[in-house]
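**Student:** Have a look at this one before I ask anything.
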Amino acid sequence: MDGIINSMQGVPLNHYILFSTIIFSIGVIGVLIRRNAIIIMMSIELMLNSVNLLLAAFSAYSGDPAGQVFVFFIMALAAAEVAVGLAIIVMVYRNTRSLDINTLNRLKW
Amino acid sequence: MMVFYFVAFLSIFFALMTIFTKNPVHSVLYLVITFFTFTVHYVLLNAQFLAVVNFIVYLGAIMVLFLFVLMLLNLNEETEPMKSNLVKIMGTVAGLCFLATIIGSLNLLETSNPLILKNPDIGLVQNLGRVLFDEFLLPFEISSILLLTAMVGAVLLGKSDPKKI
């Protein structure tokens, strides 16, 4: 355990912010460039995860356990979101026989 | 210290693979690896409770849901809808602009201190449980209602229309 803790000494907090930002923007790019509804949901999961990691890093940095509790709540929320979202996707597939979100353009404009 | 950079590199690599792979099933598998690297990050932060919960919830529950739905819908590379190259380039540029904005604002901060675990026991189950069931008892109970609502909603949406049968 001490080995793990010692190996973490010295990573600047900025690098955590940078890393989480990169993962978050990968999620944003994924939402923008894909048309498959499931892949879009997976990109949203990526974004949620990057925010989770940043919250955990801040919590470890400032020595406050509240951040890790928030991560726990975000995980519960993500599980609920995925369940409902995938149910909606299955429903869409049943009605349109495709997962292309461009078929769902009735609310566009 | 090197472990963090190595694992961060792996996370970024597999996250990129997730969104750029054509086959949706491969995409989900790359996402599993990405989540696994996030678990390693939590272990490195000594947040053991979060590491275990991340492992169980993301790699266990959410990934099984994704894979199950993908295989139920029988998707493969041929049926995969792809956007035109122009939209792809524009999306990538927009995402990189976002990244540049955040990094630019990050430069305004003075160099941060290295992350040193002041209180290494903070992420243990005992400590987190004490906070969770003391300060955060009400949100914890409300999240159970959220999960119940999600369950009801998922069943309601997933059930086929009884009039059609």
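A note on labels: chains of the structure tokens are A, B, ... as shown, every chain counts residues from 1, and ligands are counted from 1 in their shown order.
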For chain A against chain B, which residues fall within 6 Å using only C-alpha atoms, given as a VMD selection string?

**Tutor:** chain A and resid 7 to 14 25 28 to 30 32 to 33 35 60 to 61 63 65 80 84 87

**Student:** I need the alpha helix (DSSP H) residues of segment 10-162 of chain B per DSSP on the backbone, written as a PyMOL selection string.

**Tutor:** chain B and resi 10-20+24-44+48-54+63-73+85-107+125-132+137-158

**Student:** Atom CA of Gln48 of chain B to atom CA of Ile40 of chain A: how many Å, to one decimal?

**Tutor:**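 Those two atoms sit 29.4 Å apart.
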
**Student:** Give me, as a list in words, the residues of chain A that a backbone DSSP run labels strand (DSSP E or B).

**Tutor:**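 The strand (DSSP E or B) subset of chain A is Pro12, Arg34, Asn36 and Asp100 of chain A.
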
**Student:** If you measure from atom CA of Ile39 of chain A to atom CA of Ala83 of chain A, what distance in Å do you get, rounded to one decimal?

**Tutor:**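 Straight-line distance from atom CA of Ile39 of chain A to atom CA of Ala83 of chain A works out to 14.7 Å.
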
**Student:** How many Å separate atom CA of Asn52 of chain A from atom CA of Val71 of chain A?

**Tutor:**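 Atom-to-atom, atom CA of Asn52 of chain A to atom CA of Val71 of chain A, that is 5.4 Å.
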
**Student:** Write out as a list in words the residues lying within 7 Å of Ile23 of chain A, counting only C-alpha atoms and excluding same-chain residues fewer than 5 positions away.

**Tutor:**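 My reading of the contact set: Leu46, Met47 and Ser50 of chain A; Ile12 of chain B.
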